[in-house]
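Q: Next comes the structure file run14.cif, holding mmCIF, C-alpha atoms.
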data_run
loop_
_atom_site.label_atom_id
_atom_site.label_comp_id
_atom_site.auth_asym_id
_atom_site.auth_seq_id
_atom_site.Cartn_x
_atom_site.Cartn_y
_atom_site.Cartn_z
CA MET A 1 45.27 5.33 122.28
CA SER A 2 46.55 8.21 124.45
CA SER A 3 47.22 10.78 121.74
CA TYR A 4 47.86 10.95 118.01
CA TYR A 5 50.52 13.65 118.50
CA GLU A 6 53.67 13.23 120.59
CA SER A 7 56.38 15.91 120.36
CA LYS A 8 59.11 13.25 120.34
CA ASP A 9 57.61 11.88 117.11
CA LEU A 10 58.86 14.95 115.25
CA ALA A 11 62.35 13.43 115.43
CA LYS A 12 61.01 10.46 113.43
CA PHE A 13 60.09 12.66 110.46
CA GLY A 14 63.18 11.43 108.62
CA ASP A 15 61.86 7.87 108.82
CA ILE A 16 59.53 8.76 105.92
CA GLY A 17 62.67 8.53 103.76
CA LYS A 18 63.14 4.86 104.60
CA ASN A 19 60.80 4.11 101.72
CA ARG A 20 61.09 5.66 98.26
CA LYS A 21 64.19 7.57 99.40
CA PRO A 22 64.70 9.58 96.16
CA LEU A 23 61.33 11.21 96.69
CA TRP A 24 62.26 12.11 100.29
CA ASP A 25 65.66 13.45 99.22
CA LYS A 26 64.05 15.73 96.65
CA PHE A 27 61.50 16.93 99.17
CA LEU A 28 64.12 17.60 101.83
CA ALA A 29 66.45 19.51 99.49
CA TRP A 30 63.58 21.69 98.28
CA TYR A 31 62.13 22.12 101.78
CA THR A 32 65.48 23.19 103.26
CA GLU A 33 66.17 25.61 100.40
CA ALA A 34 62.69 27.09 100.65
CA THR A 35 62.43 27.48 104.41
CA ALA A 36 65.85 27.57 106.01
CA THR A 37 68.17 29.67 103.87
CA GLU A 38 68.75 33.39 103.37
CA GLY A 39 67.42 34.47 99.98
CA ALA A 40 65.25 37.29 98.72
CA LEU A 41 63.59 36.82 102.10
CA THR A 42 65.63 36.52 105.27
CA LYS A 43 65.53 33.26 107.21
CA ARG A 44 63.67 35.13 109.97
CA GLU A 45 60.98 36.29 107.52
CA LYS A 46 60.65 32.76 106.17
CA SER A 47 60.32 31.45 109.73
CA LEU A 48 57.47 33.86 110.46
CA ILE A 49 55.70 32.79 107.24
CA GLY A 50 56.26 29.15 108.24
CA LEU A 51 54.77 29.85 111.65
CA ALA A 52 51.71 31.49 110.09
CA VAL A 53 51.18 28.58 107.69
CA ALA A 54 51.74 26.07 110.50
CA HIS A 55 48.81 27.62 112.34
CA THR A 56 46.72 27.61 109.18
CA VAL A 57 47.25 23.88 108.62
CA GLN A 58 47.12 23.43 112.40
CA CYS A 59 49.97 20.94 112.47
CA PRO A 60 51.40 20.59 116.02
CA TYR A 61 54.75 19.38 114.66
CA CYS A 62 55.05 22.42 112.40
CA ILE A 63 53.99 24.83 115.17
CA ASP A 64 56.69 23.36 117.43
CA ALA A 65 59.34 23.47 114.70
CA TYR A 66 58.55 27.00 113.47
CA THR A 67 58.18 28.47 116.96
CA ASN A 68 61.70 27.23 117.65
CA GLN A 69 62.95 28.46 114.28
CA CYS A 70 61.43 31.90 114.88
CA LEU A 71 63.22 32.19 118.23
CA GLU A 72 66.46 30.89 116.75
CA THR A 73 66.39 33.50 113.99
CA GLY A 74 65.85 36.35 116.47
CA ALA A 75 62.09 36.88 116.08
CA ASN A 76 60.25 38.04 119.19
CA LEU A 77 56.81 37.23 120.55
CA ASP A 78 55.33 40.51 119.23
CA GLN A 79 56.37 39.57 115.68
CA MET A 80 55.17 35.99 116.08
CA THR A 81 51.82 37.16 117.45
CA GLU A 82 51.39 39.55 114.50
CA ALA A 83 52.06 36.64 112.14
CA LEU A 84 49.29 34.67 113.88
CA HIS A 85 46.92 37.61 113.50
CA VAL A 86 47.69 37.68 109.77
CA THR A 87 46.78 33.97 109.65
CA ALA A 88 43.55 34.53 111.56
CA ALA A 89 42.63 37.62 109.56
CA VAL A 90 43.18 35.95 106.16
CA ARG A 91 41.24 32.89 107.26
CA GLY A 92 38.42 35.04 108.64
CA GLY A 93 38.53 37.28 105.59
CA ALA A 94 38.29 34.26 103.30
CA SER A 95 35.08 33.18 105.04
CA LEU A 96 33.66 36.64 104.81
CA ALA A 97 34.68 37.06 101.15
CA HIS A 98 32.60 33.98 100.34
CA GLY A 99 29.67 36.01 101.56
CA VAL A 100 29.69 37.39 98.02
CA GLN A 101 28.53 33.93 96.84
CA CYS A 102 25.79 34.03 99.43
CA ARG A 103 24.70 37.46 98.32
CA ASN A 104 24.77 36.43 94.62
CA ILE A 105 22.47 33.48 95.35
CA VAL A 106 20.14 35.58 97.50
CA GLU A 107 19.97 38.14 94.69
CA LYS A 108 19.13 35.44 92.18
CA LEU A 109 16.49 33.72 94.26
CA THR A 110 14.63 36.60 95.74
CA MET A 111 12.39 39.26 94.25
CA MET B 1 75.91 11.25 124.77
CA GLY B 2 79.51 12.09 125.60
CA PHE B 3 81.50 15.05 124.24
CA GLU B 4 84.82 13.20 124.15
CA LYS B 5 83.15 10.34 122.29
CA THR B 6 81.74 12.77 119.73
CA LEU B 7 85.22 14.25 119.22
CA ALA B 8 86.66 10.75 118.71
CA GLU B 9 83.92 9.85 116.21
CA GLN B 10 84.71 13.01 114.26
CA ASN B 11 88.46 12.34 114.50
CA LEU B 12 88.96 15.70 116.21
CA HIS B 13 91.97 16.25 118.48
CA LEU B 14 91.53 19.55 120.25
CA ALA B 15 94.91 20.34 121.75
CA PRO B 16 95.90 23.78 123.06
CA LEU B 17 97.31 26.06 120.34
CA GLN B 18 98.57 29.02 122.37
CA VAL B 19 97.59 31.17 125.33
CA GLU B 20 96.64 34.44 123.69
CA THR B 21 94.15 35.51 126.34
CA LEU B 22 94.24 35.44 130.12
CA GLN B 23 90.61 35.58 131.22
CA VAL B 24 90.43 36.53 134.87
CA ASN B 25 87.35 36.28 137.05
CA VAL B 26 88.00 38.84 139.78
CA GLY B 27 84.96 37.96 141.86
CA LYS B 28 81.35 36.87 142.00
CA LEU B 29 79.87 40.04 143.46
CA CYS B 30 77.38 41.62 141.06
CA ASN B 31 74.71 44.31 141.27
CA GLN B 32 72.42 42.03 139.19
CA ALA B 33 71.22 38.42 139.60
CA CYS B 34 70.41 37.23 136.06
CA LYS B 35 68.37 34.07 135.53
CA HIS B 36 70.82 32.52 133.06
CA CYS B 37 74.07 33.45 134.91
CA HIS B 38 76.50 30.53 134.85
CA VAL B 39 78.56 32.19 137.60
CA ASP B 40 75.58 32.36 140.01
CA ALA B 41 76.76 35.92 140.63
CA GLY B 42 74.76 38.37 142.70
CA PRO B 43 74.79 41.16 145.32
CA LYS B 44 75.30 38.73 148.22
CA ARG B 45 78.37 36.91 146.86
CA THR B 46 81.58 37.60 148.75
CA GLU B 47 84.25 35.81 146.67
CA MET B 48 86.82 38.39 145.54
CA MET B 49 90.31 38.26 144.02
CA THR B 50 92.95 39.68 146.36
CA ARG B 51 95.48 42.40 145.53
CA GLN B 52 98.23 39.75 145.77
CA ALA B 53 96.54 37.61 143.13
CA VAL B 54 96.00 40.62 140.86
CA GLU B 55 99.72 41.46 141.18
CA ARG B 56 100.58 37.85 140.29
CA CYS B 57 98.38 37.98 137.18
CA LEU B 58 100.22 41.17 136.16
CA GLU B 59 103.56 39.36 136.63
CA ILE B 60 102.32 36.58 134.32
CA LEU B 61 101.19 39.11 131.72
CA ALA B 62 104.60 40.80 131.90
CA ALA B 63 106.47 37.50 131.61
CA TYR B 64 104.68 36.21 128.50
CA PRO B 65 104.46 38.50 125.46
CA GLN B 66 102.40 35.85 123.65
CA ILE B 67 99.54 36.60 126.07
CA LYS B 68 98.22 39.63 124.26
CA ASN B 69 94.81 40.01 125.85
CA LEU B 70 93.50 40.43 129.39
CA ASP B 71 89.78 39.64 129.60
CA ILE B 72 88.40 40.72 133.00
CA THR B 73 85.15 39.16 134.07
CA GLY B 74 83.06 38.49 137.17
CA GLY B 75 80.34 39.03 138.64
CA ALA B 76 80.60 42.68 137.84
CA PRO B 77 84.42 42.92 137.76
CA GLU B 78 84.39 46.66 138.43
CA LEU B 79 83.16 45.94 141.97
CA ASN B 80 86.53 44.43 142.94
CA ASP B 81 88.53 47.07 144.84
CA HIS B 82 91.66 46.26 142.78
CA PHE B 83 89.95 46.49 139.38
CA ASP B 84 91.30 49.95 138.53
CA VAL B 85 94.90 48.97 139.33
CA PHE B 86 94.55 45.78 137.29
CA VAL B 87 93.37 47.66 134.19
CA ARG B 88 95.86 50.50 134.51
CA GLU B 89 98.90 48.25 135.00
CA ALA B 90 97.89 45.79 132.26
CA ARG B 91 97.55 48.68 129.81
CA LYS B 92 101.02 49.90 130.85
CA LEU B 93 102.28 46.45 129.83
CA GLY B 94 100.76 47.03 126.40
CA LYS B 95 98.06 44.39 126.78
CA HIS B 96 94.68 44.68 125.11
CA VAL B 97 92.18 44.88 127.98
CA MET B 98 88.59 43.72 127.65
CA VAL B 99 86.05 44.18 130.43
CA ARG B 100 82.81 42.19 130.69
CA HIS B 101 80.76 45.22 131.73
CA ASN B 102 77.09 44.73 132.56
CA LEU B 103 76.22 48.41 131.86
CA THR B 104 74.00 48.89 134.93
CA VAL B 105 76.97 48.74 137.33
CA THR B 106 77.76 52.33 136.34
CA LEU B 107 74.35 53.51 137.51
CA ASP B 108 73.93 51.48 140.71
CA PRO B 109 75.89 52.24 143.88
CA HIS B 110 78.45 49.59 144.92
CA PRO B 111 76.33 46.87 146.60
CA VAL B 112 78.71 46.62 149.58
CA SER B 113 80.40 50.00 150.07
CA GLY B 114 77.69 52.13 148.49
CA ARG B 115 80.29 54.18 146.55
CA SER B 116 79.36 55.66 143.18
CA MET B 117 80.52 53.81 140.06
CA GLN B 118 79.70 56.67 137.68
CA TYR B 119 83.38 57.24 136.92
CA LEU B 120 83.60 53.99 134.91
CA PRO B 121 82.88 55.23 131.35
CA ASP B 122 85.59 57.91 131.58
CA PHE B 123 87.97 55.40 133.20
CA PHE B 124 87.38 52.96 130.31
CA LYS B 125 88.05 55.74 127.81
CA GLU B 126 91.21 56.90 129.57
CA HIS B 127 92.69 53.40 129.31
CA THR B 128 91.17 52.48 125.91
CA VAL B 129 89.42 49.46 127.38
CA GLU B 130 87.30 47.31 125.05
CA VAL B 131 83.87 47.24 126.65
CA ILE B 132 81.86 44.04 126.16
CA SER B 133 78.31 44.27 127.47
CA SER B 134 75.40 41.87 127.66
CA LEU B 135 72.12 43.04 126.18
CA PRO B 136 69.92 39.97 125.62
CA TYR B 137 67.55 41.73 123.26
CA PHE B 138 66.73 45.12 121.74
CA GLN B 139 63.38 45.21 123.54
CA GLU B 140 62.56 45.78 127.19
CA HIS B 141 60.33 42.76 127.78
CA GLU B 142 62.87 40.11 126.77
CA THR B 143 65.84 41.84 128.44
CA ASP B 144 64.09 42.36 131.78
CA ALA B 145 62.75 38.78 131.72
CA GLN B 146 66.34 37.52 131.83
CA ARG B 147 68.26 40.20 133.70
CA GLY B 148 65.69 41.70 136.06
CA HIS B 149 63.10 44.47 136.13
CA GLY B 150 64.39 47.83 134.96
CA VAL B 151 67.65 46.49 133.50
CA PHE B 152 66.79 47.39 129.90
CA GLU B 153 66.10 51.05 130.69
CA LYS B 154 69.32 51.36 132.70
CA SER B 155 71.30 49.55 130.00
CA ILE B 156 70.06 52.01 127.38
CA ALA B 157 71.07 54.92 129.62
CA ALA B 158 74.53 53.40 130.14
CA ILE B 159 75.08 52.79 126.41
CA ARG B 160 74.02 56.39 125.77
CA ARG B 161 76.70 57.58 128.20
CA LEU B 162 79.32 55.41 126.48
CA ASN B 163 78.24 56.75 123.06
CA GLU B 164 78.48 60.33 124.32
CA ILE B 165 82.16 59.91 125.16
CA GLY B 166 82.93 58.22 121.85
CA TYR B 167 82.33 54.49 122.39
CA GLY B 168 80.69 52.35 119.71
CA LYS B 169 81.40 54.50 116.65
CA GLU B 170 82.31 52.58 113.51
CA GLY B 171 86.05 52.62 112.89
CA GLY B 172 86.73 54.39 116.20
CA ARG B 173 89.36 53.33 118.75
CA LEU B 174 86.82 53.04 121.60
CA VAL B 175 85.16 49.68 121.04
CA LEU B 176 81.78 48.77 122.48
CA ASN B 177 80.65 45.25 121.67
CA LEU B 178 77.32 43.89 122.83
CA VAL B 179 76.55 40.28 123.73
CA TYR B 180 73.36 38.47 122.78
CA ASN B 181 72.31 35.22 124.34
CA PRO B 182 68.92 33.53 123.88
CA VAL B 183 66.26 34.34 126.46
CA GLY B 184 65.50 30.65 126.90
CA ALA B 185 66.21 27.10 125.74
CA TYR B 186 66.94 27.66 122.08
CA LEU B 187 69.99 28.23 119.91
CA PRO B 188 71.08 31.77 119.06
CA PRO B 189 70.42 33.24 115.59
CA ALA B 190 73.14 33.77 112.99
CA GLN B 191 75.41 36.49 114.39
CA ALA B 192 75.36 38.80 111.36
CA ALA B 193 71.57 38.63 111.03
CA ILE B 194 70.78 39.44 114.66
CA GLU B 195 73.52 42.10 114.76
CA ALA B 196 71.79 43.88 111.87
CA GLN B 197 68.47 43.76 113.76
CA PHE B 198 70.07 45.12 116.95
CA LYS B 199 71.78 47.94 115.04
CA GLU B 200 68.58 48.91 113.25
CA HIS B 201 66.38 48.89 116.37
CA LEU B 202 68.83 50.55 118.75
CA ALA B 203 69.55 53.29 116.18
CA LYS B 204 65.91 53.89 115.25
CA GLU B 205 64.34 53.61 118.69
CA HIS B 206 67.13 54.94 120.94
CA GLU B 207 69.68 56.65 118.62
CA LEU B 208 72.43 54.34 119.95
CA VAL B 209 75.41 52.77 118.20
CA PHE B 210 77.76 49.90 118.97
CA ASN B 211 80.53 48.08 117.09
CA GLY B 212 79.69 44.38 117.03
CA LEU B 213 77.32 41.85 118.53
CA PHE B 214 78.71 38.62 119.99
CA VAL B 215 76.26 35.74 119.93
CA ILE B 216 76.67 33.27 122.81
CA THR B 217 74.84 30.00 123.44
CA ASN B 218 73.42 29.44 126.92
CA MET B 219 75.55 26.83 128.67
CA PRO B 220 73.62 24.06 130.44
CA ILE B 221 75.29 24.60 133.81
CA ASN B 222 74.41 26.24 137.15
CA ARG B 223 71.46 28.67 137.10
CA PHE B 224 70.48 27.98 133.47
CA ARG B 225 70.66 24.23 134.06
CA HIS B 226 68.35 24.61 137.07
CA PHE B 227 65.88 26.46 134.82
CA LEU B 228 66.04 23.62 132.26
CA GLU B 229 65.52 21.00 134.94
CA ARG B 230 62.61 22.88 136.55
CA ALA B 231 60.95 23.16 133.13
CA GLU B 232 61.76 19.48 132.46
CA ILE B 233 63.51 20.35 129.18
CA TYR B 234 67.14 19.62 130.09
CA ASP B 235 67.26 16.51 127.90
CA ASP B 236 65.54 18.32 125.01
CA TYR B 237 68.08 21.16 125.20
CA MET B 238 71.04 18.77 125.30
CA THR B 239 69.63 16.90 122.28
CA LYS B 240 69.31 20.20 120.46
CA LEU B 241 72.97 21.04 121.17
CA LEU B 242 74.12 17.56 120.19
CA ASN B 243 72.15 17.57 116.93
CA ALA B 244 73.70 20.93 116.06
CA PHE B 245 77.30 19.74 116.68
CA ASN B 246 79.57 21.44 114.14
CA PRO B 247 83.11 20.04 113.70
CA THR B 248 84.36 23.34 112.27
CA ALA B 249 83.10 25.19 115.33
CA ALA B 250 84.75 22.55 117.52
CA GLU B 251 88.14 23.27 115.94
CA GLY B 252 87.82 26.91 116.95
CA VAL B 253 86.76 26.49 120.59
CA MET B 254 88.19 29.21 122.82
CA CYS B 255 89.83 26.86 125.34
CA ARG B 256 92.53 26.20 122.74
CA THR B 257 93.81 29.79 122.99
CA LEU B 258 92.82 30.89 126.49
CA ILE B 259 93.45 30.20 130.16
CA SER B 260 90.77 31.08 132.67
CA VAL B 261 91.75 32.24 136.17
CA GLY B 262 89.42 31.95 139.16
CA TYR B 263 89.11 34.61 141.85
CA ASP B 264 91.38 32.50 144.12
CA GLY B 265 94.06 32.07 141.42
CA THR B 266 93.09 28.57 140.27
CA LEU B 267 93.54 27.86 136.55
CA TYR B 268 90.85 26.41 134.28
CA ASP B 269 90.45 25.65 130.57
CA CYS B 270 87.52 28.06 130.32
CA ASP B 271 85.09 30.13 132.36
CA PHE B 272 82.48 27.34 132.26
CA ASN B 273 84.88 24.73 133.64
CA GLN B 274 85.75 27.30 136.28
CA MET B 275 82.14 27.47 137.40
CA LEU B 276 82.01 23.67 137.54
CA GLU B 277 85.32 23.76 139.48
CA TRP B 278 87.01 21.52 136.89
CA ARG B 279 90.56 22.86 137.11
CA VAL B 280 93.25 22.22 134.48
CA ASN B 281 94.13 18.61 134.84
CA HIS B 282 96.63 15.86 134.21
CA GLY B 283 99.37 17.10 136.50
CA MET B 284 99.60 20.57 135.05
CA PRO B 285 100.38 23.62 137.17
CA ASN B 286 96.89 24.67 138.20
CA THR B 287 97.27 27.97 139.99
CA ILE B 288 98.69 31.36 139.06
CA TRP B 289 101.42 30.78 141.67
CA ASP B 290 102.99 27.96 139.65
CA PHE B 291 101.92 29.25 136.21
CA ASP B 292 104.11 27.78 133.45
CA LEU B 293 102.93 28.53 129.96
CA ASP B 294 105.08 25.90 128.22
CA LYS B 295 103.71 23.16 130.44
CA LEU B 296 100.16 24.43 130.02
CA LEU B 297 100.50 24.18 126.23
CA SER B 298 101.04 20.45 126.59
CA ARG B 299 97.95 19.95 128.76
CA LYS B 300 94.93 17.87 127.79
CA ILE B 301 91.89 20.14 127.84
CA VAL B 302 89.16 18.96 130.21
CA PHE B 303 85.90 18.48 128.30
CA GLY B 304 82.37 17.67 129.44
CA ASP B 305 78.88 17.55 127.96
CA HIS B 306 78.42 21.29 128.53
CA CYS B 307 81.05 21.73 125.77
CA TYR B 308 78.31 20.92 123.25
CA GLY B 309 77.20 24.50 123.95
CA CYS B 310 80.40 25.84 122.37
CA THR B 311 80.20 23.58 119.31
CA ALA B 312 76.53 23.92 118.34
CA GLY B 313 75.67 25.63 115.06
CA ALA B 314 78.10 28.43 114.31
CA GLY B 315 79.77 27.75 117.66
CA SER B 316 79.99 29.95 120.72
CA SER B 317 82.79 31.64 122.59
CA CYS B 318 83.35 34.70 124.75
CA GLY B 319 83.99 36.48 121.43
CA GLY B 320 80.72 35.29 119.91
CA ALA B 321 80.20 32.87 117.02
CA VAL B 322 83.21 30.73 116.11
CA VAL B 323 82.33 30.17 112.45
CA LYS B 324 81.42 33.05 110.19
CA ALA B 325 78.33 32.61 107.98
CA GLY B 326 79.31 30.72 104.85
CA ALA B 327 82.85 30.13 106.10
CA GLU B 328 84.39 26.70 106.28
CA THR B 329 87.03 27.62 108.81
CA PRO B 330 86.82 29.11 112.28
CA VAL B 331 86.86 32.91 112.60
#
Reformat the file's structure so that it appears as structure tokens.

A:
Amino acid sequence: MSSYYESKDLAKFGDIGKNRKPLWDKFLAWYTEATATEGALTKREKSLIGLAVAHTVQCPYCIDAYTNQCLETGANLDQMTEALHVTAAVRGGASLAHGVQCRNIVEKLTM
Amino acid sequence: MGFEKTLAEQNLHLAPLQVETLQVNVGKLCNQACKHCHVDAGPKRTEMMTRQAVERCLEILAAYPQIKNLDITGGAPELNDHFDVFVREARKLGKHVMVRHNLTVTLDPHPVSGRSMQYLPDFFKEHTVEVISSLPYFQEHETDAQRGHGVFEKSIAAIRRLNEIGYGKEGGRLVLNLVYNPVGAYLPPAQAAIEAQFKEHLAKEHELVFNGLFVITNMPINRFRHFLERAEIYDDYMTKLLNAFNPTAAEGVMCRTLISVGYDGTLYDCDFNQMLEWRVNHGMPNTIWDFDLDKLLSRKIVFGDHCYGCTAGAGSSCGGAVVKAGAETPV
């Protein structure tokens, strides 16, 4: 097998709806409303959040899609890079915050 | 893929509606050489409209009151020696005159004669010309990446000069519209959303104002097509345009209300067909010398796959998006 991920496969995402279509339709309606419309957040802000989450879940399809969506909503590379730093910082911070557990255990076990 | 096939599938018949605008390319000479330029314009180009051809365009404008607008483009159109006469006489005829002004042409000397072009802002004001200027982005990095090193800084200086003499103020008679096009192979944002960002950033960071922002899709022809092919993303870009085909935008395409004139007087359905040298077809008069508006209204517009650029998303025209956000009909 050459690779699990091919960019052209993103176009096949809709094929998931070939089975249990009502579930797909509900997902797609909710997904579109949540990520691709102007609401309390602008579509550009939603795109930057999507980009950050895409890097958190490390999905190549999502990174491709949200990088495009960021550009197509007028975001620039400075803004996109800041979103990635937020991702990295929260992930790093989450690891570090669990240090509290470590410290609690050390406190309990040692004299 | 096939644009005509798509139109047939959608049951769309895009016949000419009127000729409201005569868009005249007065030459390919430009002080800039932008990466995306569909005209392949630059400082070494020599194609220029003659005085005779300018006079003929003025005769056409005088003969047809239904042609309300003269849209002068290039290259940098101001570099044509007959530009001033063209503007002045068209205004005397009562036509609305728009100039595709690249901003930096005011600050650079004429690339051939070396003469100063600093008179342009006052000239525009004197003749109440609508100034339409490309500014790909409100930041230096993106703008210079597309239009060349130093272009952003000069563009800001040129907008400042236009603002100082009254251009760009809301509700004013001196209109300055900016043009956004993507700095790469992606579709432009919604016009209203990116206009708000431009207004906020240019006001906050440079204390500049402008009236409106036209959003234009990059057409997959000439220099931009070469970029797509070099990056091996031509097919991806065409698929993107095709997937975003919008029938409402198609109904409002600019070729239905415009005739494009080449520097040598040849007639085209639009500026993009002009650059591909696809002249008006099917036995129609195809130069300014045999211009006949009634016959031209019965022509069949010449379409190609690049037309997907005008029909993607909210649509694209020389006046920006074709479909307003939330609207079901063309602007």

Q: Could you jot down the CA of Asn243 (chain B) to CA of Tyr5 (chain A) separation for me, Å, one decimal place?

A: 22.0 Å

Q: Please find the residues of chain A near chain B - the criterion being any atom within 9 Å, counting only C-alpha atoms - and write them as a list in words.

A: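 Filtering chain A at 9 Å from chain B with only C-alpha atoms gives Thr42, Lys43, Arg44, Asn68, Gln69, Leu71, Glu72, Thr73, Gly74 and Asn76 of chain A.
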
Q: Provide the CA of Lys295 (chain B) to CA of Lys68 (chain B) distance in Å, to one decimal place.

A: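 Spanning CA of Lys295 (chain B) to CA of Lys68 (chain B) is a straight-line distance of 18.4 Å.
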
Q: Given the file shown, enumerate the residues that the PyMOL selection byres ((chain B and resi 57) around 10) captures and present them as a PyMOL selection string.

A: chain B and resi 22+24+51-56+58-63+70+86+90+261+265+288-289+291

Q: Using the selection just defined, write its residues with C-alpha atoms as a CSV table (one decimal), in the frame of the given file.

A:
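Below is the file that was written, part.csv:
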chain,number,residue,atom,x,y,z
B,22,LEU,CA,94.2,35.4,130.1
B,24,VAL,CA,90.4,36.5,134.9
B,51,ARG,CA,95.5,42.4,145.5
B,52,GLN,CA,98.2,39.8,145.8
B,53,ALA,CA,96.5,37.6,143.1
B,54,VAL,CA,96.0,40.6,140.9
B,55,GLU,CA,99.7,41.5,141.2
B,56,ARG,CA,100.6,37.8,140.3
B,58,LEU,CA,100.2,41.2,136.2
B,59,GLU,CA,103.6,39.4,136.6
B,60,ILE,CA,102.3,36.6,134.3
B,61,LEU,CA,101.2,39.1,131.7
B,62,ALA,CA,104.6,40.8,131.9
B,63,ALA,CA,106.5,37.5,131.6
B,70,LEU,CA,93.5,40.4,129.4
B,86,PHE,CA,94.6,45.8,137.3
B,90,ALA,CA,97.9,45.8,132.3
B,261,VAL,CA,91.8,32.2,136.2
B,265,GLY,CA,94.1,32.1,141.4
B,288,ILE,CA,98.7,31.4,139.1
B,289,TRP,CA,101.4,30.8,141.7
B,291,PHE,CA,101.9,29.2,136.2

Q: For a test of reading the model, state the distance in Å between CA of Ala158 (chain B) and CA of Leu103 (chain B), rounded to one decimal.

A: 5.5 Å

Q: Of the candidates B:Leu297, B:Ala33, B:Thr239, B:Thr248, which shows the shortest atom-to-atom distance to Val151 (chain B), using all atoms listed in the file?

A: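 So, comparing all the options, the nearest one is B:Ala33.
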
Q: I'd like to see the residues matched by the PyMOL selection byres ((chain A and resi 60) around 12) on this file, and ideally I'd get them as a ChimeraX atom specification.

A: /A:4-10,51,53-59,61-67

Q: Counting all atoms listed in the file, find residues at most 12 Å from (91.9, 56.0, 133.1) (file frame) and give them as a ChimeraX atom specification.

A: /B:83-92,119-129

Q: Nearest to Thr35 (chain A) among A:Pro22, A:Gly17, A:Gly93, A:Gly50, with distances taken over all atoms listed in the file: which residue is it?

A: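 Between A:Pro22, A:Gly17, A:Gly93, A:Gly50, the residue approaching Thr35 (chain A) most closely is A:Gly50.
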
Q: Using all atoms listed in the file, which of B:His226, B:Lys300, B:His96, B:His306 sits nearest Ala15 (chain B)?

A: B:Lys300

Q: Evaluate the PyMOL selection byres ((chain B and resi 272) around 9) here and jot the selected residues down as a PyMOL selection string.

A: chain B and resi 38-39+219+221+268-271+273-278+306-307

Q: Quick one: of A:Met111, A:Ala11, A:Ala94, A:Ala83, who's nearest to Ile49 (chain A), counting all atoms listed in the file?

A: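 Of all the options, A:Ala83 lies closest to Ile49 (chain A).
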
Q: Excluding Glu82 (chain A) and residues on its chain fewer than 4 positions from it, collect all residues at most 12 Å away from it, counting all atoms listed in the file, and give them as a PDB file with C-alpha atoms, in the frame of the given file.

A:
ATOM      1  CA  LEU A  48      57.470  33.860 110.460  1.00  0.00           C
ATOM      2  CA  ILE A  49      55.700  32.790 107.240  1.00  0.00           C
ATOM      3  CA  LEU A  51      54.770  29.850 111.650  1.00  0.00           C
ATOM      4  CA  ALA A  52      51.710  31.490 110.090  1.00  0.00           C
ATOM      5  CA  ALA A  75      62.090  36.880 116.080  1.00  0.00           C
ATOM      6  CA  ASN A  76      60.250  38.040 119.190  1.00  0.00           C
ATOM      7  CA  LEU A  77      56.810  37.230 120.550  1.00  0.00           C
ATOM      8  CA  ASP A  78      55.330  40.510 119.230  1.00  0.00           C
ATOM      9  CA  VAL A  86      47.690  37.680 109.770  1.00  0.00           C
ATOM     10  CA  THR A  87      46.780  33.970 109.650  1.00  0.00           C
ATOM     11  CA  ALA A  88      43.550  34.530 111.560  1.00  0.00           C
ATOM     12  CA  ALA A  89      42.630  37.620 109.560  1.00  0.00           C
TER      13      ALA A  89
END

Q: Smallest atom-to-atom distance to Arg115 (chain B): which of B:Leu79, B:Met98, B:Val302, B:Leu202, using all atoms listed in the file?

A: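 Looking at the shortest contact to Arg115 (chain B), the residue is B:Leu79.
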
Q: With all atoms listed in the file as the counted atoms, please give the residues lying no more than 9 Å from Ser317 (chain B), apart from itself and same-chain residues fewer than 5 positions off, as a list in words.

A: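 Residues near the query, excluding close chain neighbours: Phe214, Val215, Ile216, Thr217, Gly252, Val253, Met254, Cys255, Cys310 and Val322 of chain B.
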